$ cat target-v9.txt   # compact mmCIF, N, CA and C atoms
# COMPACT_ATOMS: atom_id res chain seq x y z
N ARG A 756 112.63 12.48 173.88
CA ARG A 756 113.69 11.72 173.22
C ARG A 756 113.54 11.74 171.70
N ALA A 757 112.33 11.85 171.22
CA ALA A 757 112.11 11.89 169.78
C ALA A 757 112.76 13.13 169.17
N TRP A 758 112.69 14.26 169.89
CA TRP A 758 113.29 15.48 169.38
C TRP A 758 114.81 15.38 169.32
N ILE A 759 115.40 14.71 170.28
CA ILE A 759 116.86 14.53 170.28
C ILE A 759 117.27 13.65 169.10
N THR A 760 116.52 12.57 168.87
CA THR A 760 116.82 11.68 167.75
C THR A 760 116.65 12.42 166.43
N LEU A 761 115.57 13.16 166.29
CA LEU A 761 115.34 13.93 165.06
C LEU A 761 116.42 14.98 164.85
N GLY A 762 116.85 15.63 165.92
CA GLY A 762 117.92 16.62 165.83
C GLY A 762 119.24 15.99 165.42
N ALA A 763 119.53 14.81 165.97
CA ALA A 763 120.77 14.10 165.62
C ALA A 763 120.77 13.69 164.15
N ILE A 764 119.63 13.21 163.67
CA ILE A 764 119.51 12.81 162.26
C ILE A 764 119.69 14.04 161.37
N ALA A 765 119.09 15.14 161.73
CA ALA A 765 119.21 16.37 160.95
C ALA A 765 120.66 16.87 160.95
N ALA A 766 121.35 16.77 162.08
CA ALA A 766 122.75 17.22 162.15
C ALA A 766 123.65 16.35 161.28
N VAL A 767 123.43 15.04 161.30
CA VAL A 767 124.23 14.13 160.46
C VAL A 767 123.95 14.42 158.99
N PHE A 768 122.69 14.61 158.63
CA PHE A 768 122.34 14.93 157.25
C PHE A 768 123.00 16.23 156.81
N ALA A 769 122.98 17.24 157.67
CA ALA A 769 123.60 18.53 157.33
C ALA A 769 125.11 18.39 157.17
N ALA A 770 125.75 17.58 158.02
CA ALA A 770 127.20 17.39 157.93
C ALA A 770 127.58 16.66 156.64
N VAL A 771 126.83 15.62 156.28
CA VAL A 771 127.12 14.88 155.05
C VAL A 771 126.89 15.76 153.83
N THR A 772 125.83 16.54 153.84
CA THR A 772 125.54 17.45 152.73
C THR A 772 126.63 18.52 152.61
N ALA A 773 127.06 19.07 153.73
CA ALA A 773 128.12 20.09 153.71
C ALA A 773 129.43 19.50 153.18
N ALA A 774 129.76 18.28 153.59
CA ALA A 774 130.99 17.64 153.11
C ALA A 774 130.93 17.42 151.60
N GLY A 775 129.78 17.00 151.10
CA GLY A 775 129.62 16.82 149.66
C GLY A 775 129.74 18.12 148.89
N LEU A 776 129.15 19.19 149.42
CA LEU A 776 129.24 20.49 148.75
C LEU A 776 130.67 21.03 148.75
N ILE A 777 131.39 20.83 149.85
CA ILE A 777 132.77 21.29 149.91
C ILE A 777 133.62 20.53 148.91
N THR A 778 133.42 19.22 148.84
CA THR A 778 134.16 18.42 147.86
C THR A 778 133.85 18.87 146.45
N TYR A 779 132.58 19.14 146.16
CA TYR A 779 132.18 19.59 144.84
C TYR A 779 132.82 20.94 144.50
N ARG A 780 132.82 21.86 145.46
CA ARG A 780 133.35 23.20 145.20
C ARG A 780 134.88 23.22 145.09
N ARG A 781 135.57 22.23 145.69
CA ARG A 781 137.03 22.21 145.68
C ARG A 781 137.61 21.31 144.59
N THR A 782 136.80 20.77 143.71
CA THR A 782 137.27 19.91 142.63
C THR A 782 137.39 20.74 141.36
N ARG A 783 138.56 20.67 140.76
CA ARG A 783 138.80 21.37 139.50
C ARG A 783 139.38 20.38 138.50
N TYR A 784 139.00 20.54 137.25
CA TYR A 784 139.57 19.69 136.21
C TYR A 784 139.87 20.55 134.99
N ARG A 785 140.79 20.03 134.18
CA ARG A 785 141.17 20.73 132.96
C ARG A 785 141.62 19.70 131.94
N VAL A 786 141.13 19.82 130.72
CA VAL A 786 141.57 18.97 129.62
C VAL A 786 142.36 19.84 128.68
N THR A 787 143.64 19.51 128.54
CA THR A 787 144.51 20.25 127.63
C THR A 787 144.72 19.43 126.36
N ALA A 788 145.56 19.91 125.49
CA ALA A 788 145.81 19.21 124.23
C ALA A 788 146.43 17.84 124.45
N ASP A 789 147.17 17.66 125.55
CA ASP A 789 147.82 16.36 125.75
C ASP A 789 147.61 15.73 127.12
N SER A 790 146.76 16.31 128.00
CA SER A 790 146.56 15.67 129.31
C SER A 790 145.20 16.03 129.91
N PHE A 791 144.80 15.20 130.86
CA PHE A 791 143.59 15.39 131.67
C PHE A 791 144.07 15.63 133.09
N GLU A 792 143.80 16.80 133.67
CA GLU A 792 144.28 17.16 134.99
C GLU A 792 143.10 17.28 135.95
N LEU A 793 143.27 16.71 137.15
CA LEU A 793 142.22 16.71 138.16
C LEU A 793 142.83 17.14 139.48
N ARG A 794 142.23 18.17 140.12
CA ARG A 794 142.69 18.67 141.41
C ARG A 794 141.53 18.59 142.39
N THR A 795 141.76 17.96 143.55
CA THR A 795 140.72 17.81 144.56
C THR A 795 141.31 18.04 145.94
N GLY A 796 140.43 18.17 146.92
CA GLY A 796 140.83 18.21 148.32
C GLY A 796 140.72 19.56 148.96
N LEU A 797 140.45 19.54 150.26
CA LEU A 797 140.38 20.77 151.04
C LEU A 797 141.61 20.87 151.94
N PHE A 798 141.82 19.88 152.78
CA PHE A 798 142.98 19.88 153.67
C PHE A 798 144.17 19.18 153.03
N THR A 799 143.92 18.09 152.34
CA THR A 799 144.97 17.37 151.63
C THR A 799 144.72 17.54 150.14
N ARG A 800 145.51 18.36 149.50
CA ARG A 800 145.32 18.64 148.08
C ARG A 800 145.92 17.52 147.26
N ARG A 801 145.16 17.02 146.29
CA ARG A 801 145.65 15.99 145.37
C ARG A 801 145.56 16.53 143.96
N GLN A 802 146.61 16.32 143.22
CA GLN A 802 146.63 16.70 141.82
C GLN A 802 147.03 15.49 141.00
N ARG A 803 146.27 15.23 139.97
CA ARG A 803 146.53 14.07 139.12
C ARG A 803 146.49 14.53 137.67
N ALA A 804 147.49 14.15 136.91
CA ALA A 804 147.56 14.47 135.49
C ALA A 804 147.75 13.17 134.72
N VAL A 805 146.87 12.92 133.78
CA VAL A 805 146.92 11.70 132.98
C VAL A 805 147.12 12.11 131.53
N PRO A 806 148.18 11.64 130.89
CA PRO A 806 148.35 11.94 129.46
C PRO A 806 147.21 11.32 128.65
N LEU A 807 146.68 12.06 127.71
CA LEU A 807 145.54 11.58 126.93
C LEU A 807 145.87 10.35 126.10
N HIS A 808 147.13 10.17 125.71
CA HIS A 808 147.47 9.01 124.91
C HIS A 808 147.41 7.72 125.74
N ARG A 809 147.36 7.82 127.09
CA ARG A 809 147.24 6.64 127.94
C ARG A 809 145.80 6.27 128.26
N VAL A 810 144.86 7.16 128.03
CA VAL A 810 143.44 6.88 128.33
C VAL A 810 142.92 5.87 127.32
N ARG A 811 142.41 4.75 127.85
CA ARG A 811 141.92 3.67 127.00
C ARG A 811 140.40 3.55 127.02
N ASN A 812 139.79 3.91 128.13
CA ASN A 812 138.33 3.85 128.18
C ASN A 812 137.78 4.96 129.07
N VAL A 813 136.59 5.39 128.75
CA VAL A 813 135.89 6.41 129.52
C VAL A 813 134.51 5.87 129.83
N ASP A 814 134.17 5.80 131.13
CA ASP A 814 132.87 5.30 131.55
C ASP A 814 132.07 6.43 132.18
N LEU A 815 130.82 6.53 131.81
CA LEU A 815 129.88 7.48 132.41
C LEU A 815 128.80 6.67 133.11
N THR A 816 128.65 6.89 134.42
CA THR A 816 127.63 6.17 135.18
C THR A 816 126.83 7.16 136.02
N ALA A 817 125.60 6.78 136.32
CA ALA A 817 124.74 7.60 137.18
C ALA A 817 123.70 6.71 137.84
N ASN A 818 123.59 6.79 139.16
CA ASN A 818 122.54 6.05 139.84
C ASN A 818 121.23 6.85 139.73
N PRO A 819 120.10 6.30 140.16
CA PRO A 819 118.82 7.02 139.98
C PRO A 819 118.78 8.41 140.61
N VAL A 820 119.39 8.58 141.78
CA VAL A 820 119.39 9.91 142.41
C VAL A 820 120.22 10.89 141.60
N GLN A 821 121.35 10.43 141.10
CA GLN A 821 122.19 11.30 140.27
C GLN A 821 121.46 11.67 138.98
N ARG A 822 120.74 10.74 138.39
CA ARG A 822 119.97 11.05 137.18
C ARG A 822 118.89 12.07 137.46
N LEU A 823 118.29 12.00 138.65
CA LEU A 823 117.25 12.96 139.04
C LEU A 823 117.80 14.39 139.03
N PHE A 824 119.04 14.55 139.48
CA PHE A 824 119.67 15.87 139.54
C PHE A 824 120.53 16.19 138.33
N GLY A 825 120.60 15.28 137.35
CA GLY A 825 121.37 15.53 136.14
C GLY A 825 122.87 15.45 136.35
N VAL A 826 123.32 14.59 137.26
CA VAL A 826 124.74 14.45 137.59
C VAL A 826 125.23 13.11 137.06
N THR A 827 126.47 13.08 136.58
CA THR A 827 127.07 11.86 136.06
C THR A 827 128.48 11.72 136.61
N VAL A 828 128.93 10.48 136.80
CA VAL A 828 130.29 10.20 137.25
C VAL A 828 131.10 9.76 136.04
N LEU A 829 132.22 10.44 135.79
CA LEU A 829 133.09 10.11 134.68
C LEU A 829 134.32 9.40 135.23
N ARG A 830 134.64 8.22 134.69
CA ARG A 830 135.84 7.48 135.08
C ARG A 830 136.70 7.28 133.84
N ALA A 831 137.92 7.77 133.90
CA ALA A 831 138.86 7.61 132.78
C ALA A 831 139.88 6.54 133.16
N GLY A 832 139.85 5.41 132.46
CA GLY A 832 140.78 4.32 132.74
C GLY A 832 141.96 4.38 131.79
N THR A 833 143.13 4.01 132.31
CA THR A 833 144.34 4.03 131.50
C THR A 833 144.87 2.63 131.31
N ALA A 834 145.83 2.52 130.42
CA ALA A 834 146.43 1.22 130.14
C ALA A 834 147.22 0.71 131.33
N GLY A 835 147.76 1.58 132.14
CA GLY A 835 148.60 1.16 133.26
C GLY A 835 147.90 1.20 134.59
N SER A 836 146.58 1.30 134.64
CA SER A 836 145.88 1.41 135.92
C SER A 836 145.51 0.05 136.49
N GLY A 837 146.16 -1.01 136.09
CA GLY A 837 146.00 -2.40 136.54
C GLY A 837 144.84 -2.69 137.47
N GLY A 838 144.27 -3.86 137.33
CA GLY A 838 143.18 -4.29 138.18
C GLY A 838 141.86 -3.62 137.87
N GLY A 839 141.75 -2.99 136.73
CA GLY A 839 140.49 -2.35 136.35
C GLY A 839 140.26 -1.02 137.05
N GLY A 840 141.26 -0.50 137.76
CA GLY A 840 141.11 0.77 138.44
C GLY A 840 141.07 1.92 137.45
N SER A 841 140.53 3.03 137.90
CA SER A 841 140.47 4.19 137.02
C SER A 841 141.60 5.14 137.35
N ALA A 842 142.11 5.81 136.36
CA ALA A 842 143.17 6.78 136.55
C ALA A 842 142.61 8.08 137.11
N GLY A 843 141.40 8.42 136.76
CA GLY A 843 140.78 9.63 137.24
C GLY A 843 139.28 9.45 137.34
N GLU A 844 138.70 10.02 138.39
CA GLU A 844 137.25 9.93 138.57
C GLU A 844 136.73 11.33 138.85
N LEU A 845 135.82 11.78 138.03
CA LEU A 845 135.26 13.12 138.16
C LEU A 845 133.78 12.98 138.45
N ARG A 846 133.38 13.43 139.62
CA ARG A 846 131.97 13.34 140.02
C ARG A 846 131.28 14.65 139.74
$ encode --input "target-v9.txt" --output "structure tokens"
Amino acid sequence: RAWITLGAIAAVFAAVTAAGLITYRRTRYRVTADSFELRTGLFTRRQRAVPLHRVRNVDLTANPVQRLFGVTVLRAGTAGSGGGGSAGELR
């Protein structure tokens, strides 16, 4: 039974890692002279374009694991993103 449990844990870990890698590989961004564009998704494609004149704050955060690998999360908040939500999030 220990081998079955270990195999199940390894399979879940592999699936989560694969999903993260696919998301990473399918995310594209572009900063132009007047907008910030973000494209994500594998099955459901999402495209978001935020005019730069609407961006009011940019937050960079990283938890300890992300710092270990040199990864940062960028959140661009806009004036109209009510409730403190971010207009775009780039991981």
$ closest_residue --input "target-v9.txt" --among "A:His808, A:Val826, A:Ala769, A:Ala763" --to "Ser790 in chain A" --atoms "only N, CA and C atoms"
A:His808
$ closest_residue --input "target-v9.txt" --among "A:Gly832, A:Gly775, A:Gly825, A:Gly762" --to "Arg811 in chain A" --atoms "all atoms listed in the file"
A:Gly832
$ residues_around --input "target-v9.txt" --residues "Thr816 in chain A" --least-positions-apart "5" --cutoff "6.5 Å" --atoms "only N, CA and C atoms" --output "PyMOL selection string"
chain A and resi 826-830
$ write_last_selection --input "target-v9.txt" --atoms "N, CA and C atoms" --output "mmCIF file, keeping the file's coordinate frame"
data_model
loop_
_atom_site.group_PDB
_atom_site.id
_atom_site.type_symbol
_atom_site.label_atom_id
_atom_site.label_comp_id
_atom_site.auth_asym_id
_atom_site.auth_seq_id
_atom_site.Cartn_x
_atom_site.Cartn_y
_atom_site.Cartn_z
ATOM 1 N N VAL A 826 123.320 14.590 137.260
ATOM 2 C CA VAL A 826 124.740 14.450 137.590
ATOM 3 C C VAL A 826 125.230 13.110 137.060
ATOM 4 N N THR A 827 126.470 13.080 136.580
ATOM 5 C CA THR A 827 127.070 11.860 136.060
ATOM 6 C C THR A 827 128.480 11.720 136.610
ATOM 7 N N VAL A 828 128.930 10.480 136.800
ATOM 8 C CA VAL A 828 130.290 10.200 137.250
ATOM 9 C C VAL A 828 131.100 9.760 136.040
ATOM 10 N N LEU A 829 132.220 10.440 135.790
ATOM 11 C CA LEU A 829 133.090 10.110 134.680
ATOM 12 C C LEU A 829 134.320 9.400 135.230
ATOM 13 N N ARG A 830 134.640 8.220 134.690
ATOM 14 C CA ARG A 830 135.840 7.480 135.080
ATOM 15 C C ARG A 830 136.700 7.280 133.840
#
$ select_by_dssp --input "target-v9.txt" --residues "chain A" --states "alpha helix (DSSP H)" --output "PyMOL selection string"
chain A and resi 757-780+819-824
$ atom_distance --input "target-v9.txt" --atom1 "atom N of Val786 in chain A" --atom2 "atom N of Arg800 in chain A"
19.3 Å
$ select_by_dssp --input "target-v9.txt" --residues "chain A" --states "strand (DSSP E or B)" --output "ChimeraX atom specification"
/A:783-786,790-795,801-806,810-816,828-833,843-845
$ atom_distance --input "target-v9.txt" --atom1 "CA of Asp789 in chain A" --atom2 "CA of Pro806 in chain A"
5.8 Å
$ closest_residue --input "target-v9.txt" --among "A:Ile764, A:Ile759, A:Val805, A:Asn818" --to "Leu793 in chain A" --atoms "all atoms listed in the file"
A:Val805
$ closest_residue --input "target-v9.txt" --among "A:Arg809, A:Arg822, A:Arg756, A:Arg783" --to "Thr795 in chain A" --atoms "only N, CA and C atoms"
A:Arg783
$ closest_residue --input "target-v9.txt" --among "A:Phe798, A:Phe768, A:Tyr784, A:Trp758" --to "Leu845 in chain A" --atoms "only C-alpha atoms"
A:Tyr784
$ atom_distance --input "target-v9.txt" --atom1 "atom N of Tyr779 in chain A" --atom2 "atom C of Ala765 in chain A"
19.1 Å
$ closest_residue --input "target-v9.txt" --among "A:Ala831, A:Ala770, A:Leu797, A:Ala757" --to "Leu815 in chain A" --atoms "only C-alpha atoms"
A:Ala831
$ build_atoms --input "target-v9.txt" --residues "range 813-832 of chain A" --atoms "N, CA, C and O atoms" --output "tab-separated table (two decimals), in the frame of the given file"
chain	number	residue	atom	x	y	z
A	813	VAL	N	136.59	5.39	128.75
A	813	VAL	CA	135.89	6.41	129.52
A	813	VAL	C	134.51	5.87	129.83
A	813	VAL	O	133.76	5.50	128.92
A	814	ASP	N	134.17	5.80	131.13
A	814	ASP	CA	132.87	5.30	131.55
A	814	ASP	C	132.07	6.43	132.18
A	814	ASP	O	132.59	7.20	132.99
A	815	LEU	N	130.82	6.53	131.81
A	815	LEU	CA	129.88	7.48	132.41
A	815	LEU	C	128.80	6.67	133.11
A	815	LEU	O	128.13	5.86	132.48
A	816	THR	N	128.65	6.89	134.42
A	816	THR	CA	127.63	6.17	135.18
A	816	THR	C	126.83	7.16	136.02
A	816	THR	O	127.32	8.23	136.38
A	817	ALA	N	125.60	6.78	136.32
A	817	ALA	CA	124.74	7.60	137.18
A	817	ALA	C	123.70	6.71	137.84
A	817	ALA	O	123.03	5.93	137.15
A	818	ASN	N	123.59	6.79	139.16
A	818	ASN	CA	122.54	6.05	139.84
A	818	ASN	C	121.23	6.85	139.73
A	818	ASN	O	121.24	7.98	139.23
A	819	PRO	N	120.10	6.30	140.16
A	819	PRO	CA	118.82	7.02	139.98
A	819	PRO	C	118.78	8.41	140.61
A	819	PRO	O	118.21	9.34	140.03
A	820	VAL	N	119.39	8.58	141.78
A	820	VAL	CA	119.39	9.91	142.41
A	820	VAL	C	120.22	10.89	141.60
A	820	VAL	O	119.83	12.04	141.41
A	821	GLN	N	121.35	10.43	141.10
A	821	GLN	CA	122.19	11.30	140.27
A	821	GLN	C	121.46	11.67	138.98
A	821	GLN	O	121.56	12.80	138.52
A	822	ARG	N	120.74	10.74	138.39
A	822	ARG	CA	119.97	11.05	137.18
A	822	ARG	C	118.89	12.07	137.46
A	822	ARG	O	118.61	12.94	136.63
A	823	LEU	N	118.29	12.00	138.65
A	823	LEU	CA	117.25	12.96	139.04
A	823	LEU	C	117.80	14.39	139.03
A	823	LEU	O	117.12	15.32	138.61
A	824	PHE	N	119.04	14.55	139.48
A	824	PHE	CA	119.67	15.87	139.54
A	824	PHE	C	120.53	16.19	138.33
A	824	PHE	O	121.16	17.24	138.26
A	825	GLY	N	120.60	15.28	137.35
A	825	GLY	CA	121.37	15.53	136.14
A	825	GLY	C	122.87	15.45	136.35
A	825	GLY	O	123.64	16.17	135.71
A	826	VAL	N	123.32	14.59	137.26
A	826	VAL	CA	124.74	14.45	137.59
A	826	VAL	C	125.23	13.11	137.06
A	826	VAL	O	124.52	12.12	137.08
A	827	THR	N	126.47	13.08	136.58
A	827	THR	CA	127.07	11.86	136.06
A	827	THR	C	128.48	11.72	136.61
A	827	THR	O	129.15	12.71	136.86
A	828	VAL	N	128.93	10.48	136.80
A	828	VAL	CA	130.29	10.20	137.25
A	828	VAL	C	131.10	9.76	136.04
A	828	VAL	O	130.71	8.84	135.33
A	829	LEU	N	132.22	10.44	135.79
A	829	LEU	CA	133.09	10.11	134.68
A	829	LEU	C	134.32	9.40	135.23
A	829	LEU	O	134.97	9.90	136.15
A	830	ARG	N	134.64	8.22	134.69
A	830	ARG	CA	135.84	7.48	135.08
A	830	ARG	C	136.70	7.28	133.84
A	830	ARG	O	136.24	6.69	132.86
A	831	ALA	N	137.92	7.77	133.90
A	831	ALA	CA	138.86	7.61	132.78
A	831	ALA	C	139.88	6.54	133.16
A	831	ALA	O	140.65	6.72	134.10
A	832	GLY	N	139.85	5.41	132.46
A	832	GLY	CA	140.78	4.32	132.74
A	832	GLY	C	141.96	4.38	131.79
A	832	GLY	O	141.83	4.74	130.63
